[in-house]
$ cat upload-v3.cif   # mmCIF, C-alpha atoms
data_upload
loop_
_atom_site.group_PDB
_atom_site.id
_atom_site.type_symbol
_atom_site.label_atom_id
_atom_site.label_comp_id
_atom_site.auth_asym_id
_atom_site.auth_seq_id
_atom_site.Cartn_x
_atom_site.Cartn_y
_atom_site.Cartn_z
ATOM 1 C CA MET D 76 12.646 -39.560 -5.204
ATOM 2 C CA SER D 77 10.555 -41.221 -2.555
ATOM 3 C CA SER D 78 6.799 -41.356 -2.755
ATOM 4 C CA SER D 79 6.290 -41.481 1.002
ATOM 5 C CA VAL D 80 3.471 -39.389 2.401
ATOM 6 C CA ARG D 81 3.601 -37.218 5.469
ATOM 7 C CA CYS D 82 0.830 -38.495 7.706
ATOM 8 C CA GLY D 83 1.105 -36.162 10.703
ATOM 9 C CA SER D 84 1.088 -32.570 9.513
ATOM 10 C CA GLY D 85 0.986 -31.170 13.071
ATOM 11 C CA PRO D 86 4.776 -30.919 13.531
ATOM 12 C CA LEU D 87 5.119 -29.451 10.045
ATOM 13 C CA LEU D 88 2.458 -26.886 10.799
ATOM 14 C CA ARG D 89 4.251 -25.977 13.990
ATOM 15 C CA ARG D 90 7.471 -25.662 12.035
ATOM 16 C CA ALA D 91 5.709 -23.422 9.531
ATOM 17 C CA ALA D 92 4.470 -21.199 12.361
ATOM 18 C CA VAL D 93 7.932 -20.956 13.908
ATOM 19 C CA GLN D 94 9.545 -20.186 10.554
ATOM 20 C CA ALA D 95 6.905 -17.539 9.792
ATOM 21 C CA ALA D 96 7.489 -15.947 13.190
ATOM 22 C CA VAL D 97 11.249 -15.829 12.611
ATOM 23 C CA LEU D 98 10.734 -14.392 9.122
ATOM 24 C CA LEU D 99 8.492 -11.708 10.611
ATOM 25 C CA LEU D 100 11.181 -10.903 13.155
ATOM 26 C CA ALA D 101 13.698 -10.634 10.330
ATOM 27 C CA ALA D 102 11.559 -7.891 8.801
ATOM 28 C CA VAL D 103 11.677 -5.741 11.944
ATOM 29 C CA VAL D 104 15.201 -4.383 11.552
ATOM 30 C CA PRO D 105 14.876 -3.198 7.918
ATOM 31 C CA ALA D 106 11.442 -1.763 8.786
ATOM 32 C CA LEU D 107 12.970 0.277 11.621
ATOM 33 C CA LEU D 108 15.788 1.443 9.358
ATOM 34 C CA THR D 109 13.218 2.443 6.713
ATOM 35 C CA GLY D 110 11.342 4.588 9.231
ATOM 36 C CA TRP D 111 14.576 6.166 10.380
ATOM 37 C CA LEU D 112 16.711 6.635 7.280
ATOM 38 C CA HIS D 113 14.647 6.230 4.110
ATOM 39 C CA PRO D 114 14.558 9.438 2.046
ATOM 40 C CA ARG D 115 10.862 8.836 1.412
ATOM 41 C CA ARG D 116 9.982 7.710 4.933
ATOM 42 C CA PRO D 117 6.436 8.527 6.019
ATOM 43 C CA PRO D 118 5.907 11.311 8.555
ATOM 44 C CA LEU D 119 5.129 10.157 12.078
ATOM 45 C CA PRO D 120 1.369 9.978 12.707
ATOM 46 C CA GLY D 121 0.115 13.262 14.101
ATOM 47 C CA ALA D 122 3.264 15.050 12.969
ATOM 48 C CA ALA D 123 3.033 18.146 10.844
ATOM 49 C CA GLY D 124 3.671 16.271 7.625
ATOM 50 C CA SER D 125 0.932 13.676 8.031
ATOM 51 C CA ILE D 126 -1.439 14.193 5.097
ATOM 52 C CA ARG D 127 -4.608 12.395 4.069
ATOM 53 C CA GLU D 128 -5.923 12.112 0.514
ATOM 54 C CA ILE D 129 -9.441 13.180 -0.362
ATOM 55 C CA THR D 130 -11.494 12.443 -3.466
ATOM 56 C CA VAL D 131 -13.139 15.124 -5.589
ATOM 57 C CA ALA D 132 -16.576 13.923 -4.477
ATOM 58 C CA ASP D 133 -15.670 13.936 -0.781
ATOM 59 C CA ALA D 134 -14.058 17.376 -1.026
ATOM 60 C CA GLN D 135 -17.248 18.746 -2.535
ATOM 61 C CA ALA D 136 -19.471 17.159 0.094
ATOM 62 C CA LEU D 137 -17.750 17.788 3.398
ATOM 63 C CA PRO D 138 -19.920 17.519 6.524
ATOM 64 C CA GLY D 139 -21.851 20.700 7.175
ATOM 65 C CA GLY D 140 -21.479 21.805 3.582
ATOM 66 C CA ARG D 141 -18.109 23.356 4.395
ATOM 67 C CA PRO D 142 -16.436 24.879 1.349
ATOM 68 C CA VAL D 143 -12.791 24.101 0.739
ATOM 69 C CA ILE D 144 -9.922 26.207 -0.505
ATOM 70 C CA TRP D 145 -8.324 24.642 -3.557
ATOM 71 C CA ALA D 146 -4.576 25.120 -3.744
ATOM 72 C CA ASP D 147 -3.003 24.463 -7.143
ATOM 73 C CA ALA D 148 0.557 23.185 -6.748
ATOM 74 C CA ARG D 149 1.288 22.937 -10.483
ATOM 75 C CA ASP D 150 3.588 25.363 -12.245
ATOM 76 C CA ASN D 151 2.595 28.856 -13.334
ATOM 77 C CA GLN D 152 1.834 27.945 -16.932
ATOM 78 C CA ALA D 153 -0.419 25.045 -16.063
ATOM 79 C CA PHE D 154 -2.275 27.181 -13.540
ATOM 80 C CA ALA D 155 -2.669 30.003 -16.053
ATOM 81 C CA ARG D 156 -4.064 27.624 -18.685
ATOM 82 C CA GLN D 157 -6.799 26.251 -16.485
ATOM 83 C CA HIS D 158 -7.458 25.519 -12.833
ATOM 84 C CA ILE D 159 -10.239 24.622 -10.454
ATOM 85 C CA PRO D 160 -12.537 27.653 -10.121
ATOM 86 C CA GLY D 161 -11.486 29.771 -7.169
ATOM 87 C CA ALA D 162 -8.195 27.932 -6.673
ATOM 88 C CA VAL D 163 -5.160 29.806 -5.390
ATOM 89 C CA HIS D 164 -1.787 29.128 -6.939
ATOM 90 C CA LEU D 165 0.617 27.728 -4.376
ATOM 91 C CA SER D 166 3.770 26.199 -5.767
ATOM 92 C CA GLU D 167 7.022 25.630 -3.944
ATOM 93 C CA ALA D 168 8.814 27.753 -6.554
ATOM 94 C CA GLU D 169 6.759 30.820 -5.630
ATOM 95 C CA TRP D 170 5.939 29.938 -2.084
ATOM 96 C CA GLU D 171 5.805 33.350 -0.421
ATOM 97 C CA GLN D 172 3.596 34.877 -3.092
ATOM 98 C CA GLY D 173 1.251 31.889 -3.137
ATOM 99 C CA LEU D 174 1.086 31.734 0.621
ATOM 100 C CA ALA D 175 -0.028 35.355 0.812
ATOM 101 C CA GLY D 176 -2.847 34.532 -1.603
ATOM 102 C CA LEU D 177 -3.914 31.560 0.462
ATOM 103 C CA VAL D 178 -3.825 33.407 3.783
ATOM 104 C CA ALA D 179 -5.965 36.171 2.260
ATOM 105 C CA VAL D 180 -8.838 33.773 1.600
ATOM 106 C CA TRP D 181 -8.391 31.271 4.416
ATOM 107 C CA ARG D 182 -10.815 31.357 7.347
ATOM 108 C CA PRO D 183 -10.584 29.245 10.520
ATOM 109 C CA GLY D 184 -12.123 25.830 9.988
ATOM 110 C CA THR D 185 -11.770 25.914 6.207
ATOM 111 C CA PRO D 186 -10.055 22.812 4.834
ATOM 112 C CA VAL D 187 -7.368 23.262 2.210
ATOM 113 C CA VAL D 188 -7.168 20.740 -0.638
ATOM 114 C CA VAL D 189 -3.912 20.765 -2.581
ATOM 115 C CA TYR D 190 -3.686 19.266 -6.042
ATOM 116 C CA CYS D 191 -1.059 18.749 -8.707
ATOM 117 C CA ALA D 192 -1.248 17.310 -12.208
ATOM 118 C CA SER D 193 -2.148 13.686 -11.616
ATOM 119 C CA HIS D 194 -1.912 10.745 -9.292
ATOM 120 C CA SER D 195 1.763 10.258 -9.979
ATOM 121 C CA CYS D 196 2.909 13.784 -9.152
ATOM 122 C CA ASP D 197 4.365 14.506 -5.741
ATOM 123 C CA THR D 198 4.220 18.281 -5.543
ATOM 124 C CA SER D 199 0.777 18.395 -3.933
ATOM 125 C CA ARG D 200 1.981 16.227 -1.080
ATOM 126 C CA ALA D 201 5.097 18.365 -0.653
ATOM 127 C CA VAL D 202 3.063 21.586 -0.639
ATOM 128 C CA ALA D 203 0.480 20.123 1.755
ATOM 129 C CA SER D 204 3.231 18.955 4.115
ATOM 130 C CA ARG D 205 4.850 22.369 4.054
ATOM 131 C CA LEU D 206 1.503 24.066 4.717
ATOM 132 C CA LYS D 207 0.940 21.879 7.736
ATOM 133 C CA ARG D 208 4.460 22.384 8.951
ATOM 134 C CA GLU D 209 4.663 26.143 8.536
ATOM 135 C CA LEU D 210 1.083 27.229 9.224
ATOM 136 C CA ALA D 211 -0.034 24.322 11.423
ATOM 137 C CA LEU D 212 -3.323 24.195 9.524
ATOM 138 C CA PRO D 213 -5.495 21.394 10.930
ATOM 139 C CA ASP D 214 -7.299 20.337 7.755
ATOM 140 C CA VAL D 215 -4.980 19.959 4.801
ATOM 141 C CA PHE D 216 -5.671 17.287 2.213
ATOM 142 C CA VAL D 217 -4.175 16.116 -1.052
ATOM 143 C CA LEU D 218 -6.624 15.672 -3.922
ATOM 144 C CA LYS D 219 -6.650 12.073 -5.063
ATOM 145 C CA GLY D 220 -5.827 11.895 -8.751
ATOM 146 C CA GLY D 221 -5.078 15.629 -8.915
ATOM 147 C CA TRP D 222 -6.080 17.862 -11.795
ATOM 148 C CA GLU D 223 -6.562 14.899 -14.149
ATOM 149 C CA GLU D 224 -9.168 13.439 -11.829
ATOM 150 C CA TRP D 225 -10.907 16.816 -11.459
ATOM 151 C CA LEU D 226 -11.165 17.115 -15.250
ATOM 152 C CA ARG D 227 -12.443 13.568 -15.548
ATOM 153 C CA ARG D 228 -15.178 14.281 -12.991
ATOM 154 C CA GLN D 229 -16.347 17.334 -14.917
ATOM 155 C CA LYS D 230 -17.116 15.312 -18.068
ATOM 156 C CA MET J 161 -3.016 -42.406 -0.571
ATOM 157 C CA ALA J 162 -1.190 -42.423 -3.876
ATOM 158 C CA ALA J 163 1.454 -39.813 -4.537
ATOM 159 C CA PRO J 164 0.363 -36.985 -6.857
ATOM 160 C CA ALA J 165 1.091 -37.208 -10.567
ATOM 161 C CA LYS J 166 4.602 -36.231 -11.591
ATOM 162 C CA ILE J 167 3.433 -32.932 -12.998
ATOM 163 C CA VAL J 168 1.989 -31.785 -9.660
ATOM 164 C CA PRO J 169 5.309 -31.113 -7.890
ATOM 165 C CA TRP J 170 6.348 -28.975 -10.824
ATOM 166 C CA LEU J 171 3.060 -27.087 -10.716
ATOM 167 C CA HIS J 172 3.639 -26.617 -7.007
ATOM 168 C CA ALA J 173 7.145 -25.309 -7.634
ATOM 169 C CA GLY J 174 5.835 -22.985 -10.351
ATOM 170 C CA LEU J 175 3.227 -21.662 -7.962
ATOM 171 C CA ARG J 176 5.906 -21.120 -5.321
ATOM 172 C CA TRP J 177 8.131 -19.166 -7.691
ATOM 173 C CA ALA J 178 5.257 -17.150 -9.133
ATOM 174 C CA LEU J 179 3.963 -16.217 -5.699
ATOM 175 C CA ALA J 180 7.490 -15.374 -4.568
ATOM 176 C CA ALA J 181 8.045 -13.141 -7.614
ATOM 177 C CA THR J 182 4.747 -11.349 -7.039
ATOM 178 C CA PHE J 183 5.436 -10.684 -3.374
ATOM 179 C CA LEU J 184 9.009 -9.672 -4.114
ATOM 180 C CA TYR J 185 7.822 -7.149 -6.687
ATOM 181 C CA ALA J 186 5.004 -5.865 -4.476
ATOM 182 C CA GLY J 187 7.254 -5.528 -1.433
ATOM 183 C CA GLY J 188 10.052 -3.921 -3.432
ATOM 184 C CA ALA J 189 7.715 -1.354 -4.987
ATOM 185 C CA LYS J 190 6.396 -0.432 -1.547
ATOM 186 C CA VAL J 191 9.866 -0.210 -0.031
ATOM 187 C CA LEU J 192 10.850 2.312 -2.700
ATOM 188 C CA ASP J 193 8.164 4.716 -1.500
ATOM 189 C CA PRO J 194 7.024 3.914 2.037
ATOM 190 C CA ALA J 195 5.349 7.323 2.439
ATOM 191 C CA ARG J 196 3.102 6.517 -0.518
ATOM 192 C CA PHE J 197 2.162 3.120 0.939
ATOM 193 C CA VAL J 198 1.387 4.553 4.390
ATOM 194 C CA ALA J 199 -0.808 7.221 2.752
ATOM 195 C CA ASP J 200 -2.595 4.489 0.775
ATOM 196 C CA LEU J 201 -3.152 2.473 3.949
ATOM 197 C CA ASP J 202 -4.401 5.545 5.795
ATOM 198 C CA ASN J 203 -6.946 6.132 3.038
ATOM 199 C CA TYR J 204 -8.556 2.772 3.842
ATOM 200 C CA GLN J 205 -9.719 4.330 7.151
ATOM 201 C CA LEU J 206 -9.614 0.871 8.669
ATOM 202 C CA VAL J 207 -6.932 1.313 11.310
ATOM 203 C CA PRO J 208 -5.648 4.294 13.307
ATOM 204 C CA ALA J 209 -2.948 6.364 11.642
ATOM 205 C CA VAL J 210 -0.264 5.015 13.947
ATOM 206 C CA VAL J 211 -1.149 1.429 12.997
ATOM 207 C CA ALA J 212 -1.149 2.342 9.291
ATOM 208 C CA TYR J 213 2.293 3.850 9.849
ATOM 209 C CA LEU J 214 3.637 0.692 11.486
ATOM 210 C CA ILE J 215 2.034 -1.606 8.908
ATOM 211 C CA GLY J 216 3.396 0.592 6.136
ATOM 212 C CA LEU J 217 6.938 0.253 7.388
ATOM 213 C CA PHE J 218 6.790 -3.406 8.323
ATOM 214 C CA VAL J 219 4.643 -5.204 5.762
ATOM 215 C CA PRO J 220 6.765 -4.502 2.655
ATOM 216 C CA TRP J 221 9.767 -6.097 4.319
ATOM 217 C CA ALA J 222 7.637 -9.000 5.520
ATOM 218 C CA GLU J 223 6.599 -9.489 1.896
ATOM 219 C CA ILE J 224 10.226 -9.483 0.811
ATOM 220 C CA VAL J 225 11.459 -11.966 3.421
ATOM 221 C CA GLY J 226 8.438 -14.197 2.781
ATOM 222 C CA ALA J 227 9.161 -14.099 -0.929
ATOM 223 C CA ALA J 228 12.838 -14.830 -0.317
ATOM 224 C CA ALA J 229 11.915 -17.866 1.789
ATOM 225 C CA LEU J 230 9.706 -19.174 -1.026
ATOM 226 C CA LEU J 231 12.158 -18.353 -3.765
ATOM 227 C CA THR J 232 15.192 -19.941 -2.170
ATOM 228 C CA GLY J 233 13.275 -22.887 -0.807
ATOM 229 C CA ARG J 234 14.833 -22.436 2.614
ATOM 230 C CA TRP J 235 12.083 -22.133 5.220
ATOM 231 C CA ARG J 236 9.460 -22.326 2.556
ATOM 232 C CA LEU J 237 6.903 -23.649 5.031
ATOM 233 C CA GLY J 238 7.207 -20.335 6.804
ATOM 234 C CA GLY J 239 7.166 -18.563 3.464
ATOM 235 C CA TRP J 240 3.866 -20.168 2.482
ATOM 236 C CA LEU J 241 2.316 -19.349 5.853
ATOM 237 C CA LEU J 242 3.606 -15.784 5.863
ATOM 238 C CA THR J 243 2.384 -15.041 2.335
ATOM 239 C CA PHE J 244 -0.968 -16.593 3.267
ATOM 240 C CA LEU J 245 -1.275 -14.297 6.294
ATOM 241 C CA LEU J 246 -0.164 -11.213 4.377
ATOM 242 C CA GLY J 247 -2.458 -12.046 1.471
ATOM 243 C CA THR J 248 -5.376 -12.489 3.845
ATOM 244 C CA GLY J 249 -4.654 -9.111 5.394
ATOM 245 C CA PHE J 250 -4.563 -7.443 1.971
ATOM 246 C CA ALA J 251 -7.809 -9.135 0.975
ATOM 247 C CA VAL J 252 -9.509 -7.878 4.144
ATOM 248 C CA PHE J 253 -8.328 -4.314 3.486
ATOM 249 C CA VAL J 254 -9.275 -4.273 -0.195
ATOM 250 C CA GLY J 255 -12.546 -6.137 0.319
ATOM 251 C CA SER J 256 -13.680 -3.890 3.158
ATOM 252 C CA ALA J 257 -12.889 -0.767 1.152
ATOM 253 C CA TRP J 258 -14.829 -2.141 -1.795
ATOM 254 C CA LEU J 259 -17.812 -2.998 0.408
ATOM 255 C CA ARG J 260 -17.739 0.498 1.918
ATOM 256 C CA GLY J 261 -17.629 2.019 -1.559
ATOM 257 C CA LEU J 262 -14.359 3.861 -0.979
ATOM 258 C CA ASP J 263 -12.836 5.386 -4.084
ATOM 259 C CA ILE J 264 -9.190 4.917 -3.170
ATOM 260 C CA SER J 265 -6.001 3.500 -4.611
ATOM 261 C CA CYS J 266 -5.430 -0.152 -3.834
ATOM 262 C CA GLY J 267 -1.799 0.450 -2.850
ATOM 263 C CA CYS J 268 -1.136 -3.181 -3.750
ATOM 264 C CA PHE J 269 2.075 -2.445 -5.606
ATOM 265 C CA GLY J 270 3.242 0.670 -3.797
ATOM 266 C CA SER J 271 4.644 3.212 -6.193
ATOM 267 C CA GLY J 272 4.163 0.767 -9.073
ATOM 268 C CA PRO J 273 1.059 0.523 -11.254
ATOM 269 C CA GLN J 274 -1.876 2.208 -9.547
ATOM 270 C CA ALA J 275 -5.221 0.455 -9.371
ATOM 271 C CA ASN J 276 -8.359 1.524 -7.615
ATOM 272 C CA VAL J 277 -10.248 -0.658 -5.182
ATOM 273 C CA THR J 278 -12.868 -2.518 -7.197
ATOM 274 C CA GLY J 279 -14.630 -5.847 -7.133
ATOM 275 C CA TRP J 280 -12.022 -7.209 -9.518
ATOM 276 C CA ALA J 281 -9.204 -5.945 -7.295
ATOM 277 C CA THR J 282 -10.871 -7.727 -4.377
ATOM 278 C CA VAL J 283 -11.105 -10.990 -6.313
ATOM 279 C CA ARG J 284 -7.524 -10.682 -7.541
ATOM 280 C CA THR J 285 -6.207 -9.894 -4.065
ATOM 281 C CA SER J 286 -8.150 -12.801 -2.573
ATOM 282 C CA LEU J 287 -6.455 -15.188 -4.990
ATOM 283 C CA PHE J 288 -3.073 -14.760 -3.316
ATOM 284 C CA PRO J 289 -3.985 -16.174 0.117
ATOM 285 C CA LEU J 290 -5.898 -18.979 -1.612
ATOM 286 C CA LEU J 291 -2.856 -19.883 -3.700
ATOM 287 C CA ALA J 292 -0.591 -19.645 -0.656
ATOM 288 C CA ALA J 293 -2.975 -21.854 1.308
ATOM 289 C CA ALA J 294 -2.959 -24.393 -1.531
ATOM 290 C CA GLY J 295 0.835 -24.368 -1.597
ATOM 291 C CA LEU J 296 1.055 -24.791 2.161
ATOM 292 C CA TRP J 297 -1.516 -27.577 2.134
ATOM 293 C CA TYR J 298 0.452 -29.453 -0.512
ATOM 294 C CA GLU J 299 3.654 -29.080 1.445
ATOM 295 C CA LEU J 300 2.014 -30.257 4.664
ATOM 296 C CA ARG J 301 0.326 -33.152 2.887
ATOM 297 C CA TRP J 302 3.180 -34.410 0.796
ATOM 298 C CA GLY J 303 6.181 -32.771 2.386
ATOM 299 C CA THR J 304 9.441 -32.395 0.567
ATOM 300 C CA ALA J 305 9.456 -36.059 -0.468
ATOM 301 C CA VAL J 306 7.539 -35.312 -3.644
ATOM 302 C CA SER J 307 8.741 -31.763 -4.201
ATOM 303 C CA VAL J 308 11.031 -30.739 -6.980
ATOM 304 C CA PRO J 309 14.499 -29.635 -5.865
ATOM 305 C CA THR J 310 14.601 -26.368 -3.999
ATOM 306 C CA GLY J 311 16.091 -23.309 -5.478
#

$ encode --input "upload-v3.cif" --output "structure tokens"
Amino acid sequence: MSSSVRCGSGPLLRRAAVQAAVLLLAAVVPALLTGWLHPRRPPLPGAAGSIREITVADAQALPGGRPVIWADARDNQAFARQHIPGAVHLSEAEWEQGLAGLVAVWRPGTPVVVYCASHSCDTSRAVASRLKRELALPDVFVLKGGWEEWLRRQK
Amino acid sequence: MAAPAKIVPWLHAGLRWALAATFLYAGGAKVLDPARFVADLDNYQLVPAVVAYLIGLFVPWAEIVGAAALLTGRWRLGGWLLTFLLGTGFAVFVGSAWLRGLDISCGCFGSGPQANVTGWATVRTSLFPLLAAAGLWYELRWGTAVSVPTG
């Protein structure tokens, strides 16, 4: 092993930049394939399925003091046990029935916040995407942290 | 200038492998659920949705190829630089969210362990570009002549 020291780091730095650029290029193809084929690919921005998360605090303090409609995407039993006051039950299993309940209380300009059990559940995102897709509602959010976070905030 | 002590190349190699493993895990976790990562990025409210979408698709794979370059030792100069740039980007995102008081998920490990944006998360995230910069500096300073074998 030699103990020689590289004195001019300029060429090496240039080589690092070139290698980094090529590595970045190598990431383009799998990235494109992910956007095209991945079963959990994100919806295109502005498309019906594009959903933003909202925190409990932000949902309760929307500009202009706008109230929100809470949509509970958990199963029947969980909803029956306890839910956010005023929430409508809207699960994919009983979509038509839940949708009728939501439409009955929805007014133009009212945001809908969908929640499920916790941060790790996916049903709220699925329900919110479907709401946007089928009803073209402009303001549909997913509650960050879900029901667990709501409970935590009430303590 | 004297060559570094014999232990230093091994420390450098350990740093390279540790950083590679971290980026490989982080990129892999994000690749498993790109929709989750794009949503996390969107919650930072730092870039338009279309940019968050593109970053969300591209960055996890950039992490993986950067990690592979570090891990295999082939093109590790590029690997150090790429992980430095990615780490800096993450630190800017996390730090800005912390400064703005956003209560959002870090998104650092995709669908893996969830952590909120906090001061600690900012410090932790800032460590990665610093470590990558240290690794790159060593490589530029001493080159492969005093490195341990690649692999």

$ resolve_selection --input "upload-v3.cif" --expression "the PyMOL selection byres ((chain D) within 10 of (chain J))" --output "PDB file with C-alpha atoms, in the frame of the given file"
ATOM      1  CA  MET D  76      12.646 -39.560  -5.204  1.00  0.00           C
ATOM      2  CA  SER D  77      10.555 -41.221  -2.555  1.00  0.00           C
ATOM      3  CA  SER D  78       6.799 -41.356  -2.755  1.00  0.00           C
ATOM      4  CA  SER D  79       6.290 -41.481   1.002  1.00  0.00           C
ATOM      5  CA  VAL D  80       3.471 -39.389   2.401  1.00  0.00           C
ATOM      6  CA  ARG D  81       3.601 -37.218   5.469  1.00  0.00           C
ATOM      7  CA  CYS D  82       0.830 -38.495   7.706  1.00  0.00           C
ATOM      8  CA  GLY D  83       1.105 -36.162  10.703  1.00  0.00           C
ATOM      9  CA  SER D  84       1.088 -32.570   9.513  1.00  0.00           C
ATOM     10  CA  GLY D  85       0.986 -31.170  13.071  1.00  0.00           C
ATOM     11  CA  PRO D  86       4.776 -30.919  13.531  1.00  0.00           C
ATOM     12  CA  LEU D  87       5.119 -29.451  10.045  1.00  0.00           C
ATOM     13  CA  LEU D  88       2.458 -26.886  10.799  1.00  0.00           C
ATOM     14  CA  ARG D  89       4.251 -25.977  13.990  1.00  0.00           C
ATOM     15  CA  ARG D  90       7.471 -25.662  12.035  1.00  0.00           C
ATOM     16  CA  ALA D  91       5.709 -23.422   9.531  1.00  0.00           C
ATOM     17  CA  ALA D  92       4.470 -21.199  12.361  1.00  0.00           C
ATOM     18  CA  VAL D  93       7.932 -20.956  13.908  1.00  0.00           C
ATOM     19  CA  GLN D  94       9.545 -20.186  10.554  1.00  0.00           C
ATOM     20  CA  ALA D  95       6.905 -17.539   9.792  1.00  0.00           C
ATOM     21  CA  ALA D  96       7.489 -15.947  13.190  1.00  0.00           C
ATOM     22  CA  VAL D  97      11.249 -15.829  12.611  1.00  0.00           C
ATOM     23  CA  LEU D  98      10.734 -14.392   9.122  1.00  0.00           C
ATOM     24  CA  LEU D  99       8.492 -11.708  10.611  1.00  0.00           C
ATOM     25  CA  LEU D 100      11.181 -10.903  13.155  1.00  0.00           C
ATOM     26  CA  ALA D 101      13.698 -10.634  10.330  1.00  0.00           C
ATOM     27  CA  ALA D 102      11.559  -7.891   8.801  1.00  0.00           C
ATOM     28  CA  VAL D 103      11.677  -5.741  11.944  1.00  0.00           C
ATOM     29  CA  VAL D 104      15.201  -4.383  11.552  1.00  0.00           C
ATOM     30  CA  PRO D 105      14.876  -3.198   7.918  1.00  0.00           C
ATOM     31  CA  ALA D 106      11.442  -1.763   8.786  1.00  0.00           C
ATOM     32  CA  LEU D 107      12.970   0.277  11.621  1.00  0.00           C
ATOM     33  CA  LEU D 108      15.788   1.443   9.358  1.00  0.00           C
ATOM     34  CA  THR D 109      13.218   2.443   6.713  1.00  0.00           C
ATOM     35  CA  GLY D 110      11.342   4.588   9.231  1.00  0.00           C
ATOM     36  CA  HIS D 113      14.647   6.230   4.110  1.00  0.00           C
ATOM     37  CA  PRO D 114      14.558   9.438   2.046  1.00  0.00           C
ATOM     38  CA  ARG D 115      10.862   8.836   1.412  1.00  0.00           C
ATOM     39  CA  ARG D 116       9.982   7.710   4.933  1.00  0.00           C
ATOM     40  CA  PRO D 117       6.436   8.527   6.019  1.00  0.00           C
ATOM     41  CA  PRO D 118       5.907  11.311   8.555  1.00  0.00           C
ATOM     42  CA  LEU D 119       5.129  10.157  12.078  1.00  0.00           C
ATOM     43  CA  PRO D 120       1.369   9.978  12.707  1.00  0.00           C
ATOM     44  CA  GLY D 121       0.115  13.262  14.101  1.00  0.00           C
ATOM     45  CA  SER D 125       0.932  13.676   8.031  1.00  0.00           C
ATOM     46  CA  ILE D 126      -1.439  14.193   5.097  1.00  0.00           C
ATOM     47  CA  ARG D 127      -4.608  12.395   4.069  1.00  0.00           C
ATOM     48  CA  GLU D 128      -5.923  12.112   0.514  1.00  0.00           C
ATOM     49  CA  ILE D 129      -9.441  13.180  -0.362  1.00  0.00           C
ATOM     50  CA  THR D 130     -11.494  12.443  -3.466  1.00  0.00           C
ATOM     51  CA  VAL D 131     -13.139  15.124  -5.589  1.00  0.00           C
ATOM     52  CA  ALA D 132     -16.576  13.923  -4.477  1.00  0.00           C
ATOM     53  CA  ASP D 133     -15.670  13.936  -0.781  1.00  0.00           C
ATOM     54  CA  HIS D 194      -1.912  10.745  -9.292  1.00  0.00           C
ATOM     55  CA  SER D 195       1.763  10.258  -9.979  1.00  0.00           C
ATOM     56  CA  ASP D 197       4.365  14.506  -5.741  1.00  0.00           C
ATOM     57  CA  ARG D 200       1.981  16.227  -1.080  1.00  0.00           C
ATOM     58  CA  LYS D 219      -6.650  12.073  -5.063  1.00  0.00           C
ATOM     59  CA  GLY D 220      -5.827  11.895  -8.751  1.00  0.00           C
TER      60      GLY D 220
END

$ closest_residue --input "upload-v3.cif" --among "J:Gly233, J:Val277, J:Gln205, J:Phe288" --to "Leu246 (chain J)" --atoms "only C-alpha atoms"
J:Phe288

$ residues_near_point --input "upload-v3.cif" --point "(-12.3, -11.4, -2.6)" --cutoff "12 Å" --atoms "all atoms listed in the file" --output "PyMOL selection string"
chain J and resi 247-259+277-290

$ atom_distance --input "upload-v3.cif" --atom1 "CA of Leu226 (chain D)" --atom2 "CA of Ala136 (chain D)"
17.4 Å

$ closest_residue --input "upload-v3.cif" --among "D:Pro183, D:Pro142, D:Gly221, D:Gly176" --to "Thr198 (chain D)" --atoms "only C-alpha atoms"
D:Gly221

$ atom_distance --input "upload-v3.cif" --atom1 "CA of Cys196 (chain D)" --atom2 "CA of Ala148 (chain D)"
10.0 Å

$ atom_distance --input "upload-v3.cif" --atom1 "CA of Phe183 (chain J)" --atom2 "CA of Ser193 (chain D)"
26.8 Å

$ resolve_selection --input "upload-v3.cif" --expression "the PyMOL selection byres ((chain D and resi 187-190) around 7)" --output "PyMOL selection string"
chain D and resi 143-148+185-186+191-192+199+203+214-218+221-222

$ resolve_selection --input "upload-v3.cif" --expression "the PyMOL selection byres ((chain J and resi 178-182) around 7)" --output "list of chain:residue names"
J:Gly174, J:Leu175, J:Arg176, J:Trp177, J:Phe183, J:Leu184, J:Tyr185, J:Ala186, J:Ala227, J:Ala228, J:Leu230, J:Leu231

$ closest_residue --input "upload-v3.cif" --among "D:Ala211, D:Gln135, D:Leu206, D:Arg182" --to "Ser166 (chain D)" --atoms "only C-alpha atoms"
D:Leu206

$ axis_aligned_box --input "upload-v3.cif" --around "region 189-207 of chain D" --padding-each-side "4 Å" --output "JSON"
{"center_x": 0.6, "center_y": 17.2, "center_z": -2.2, "size_x": 17.0, "size_y": 21.8, "size_z": 27.9}
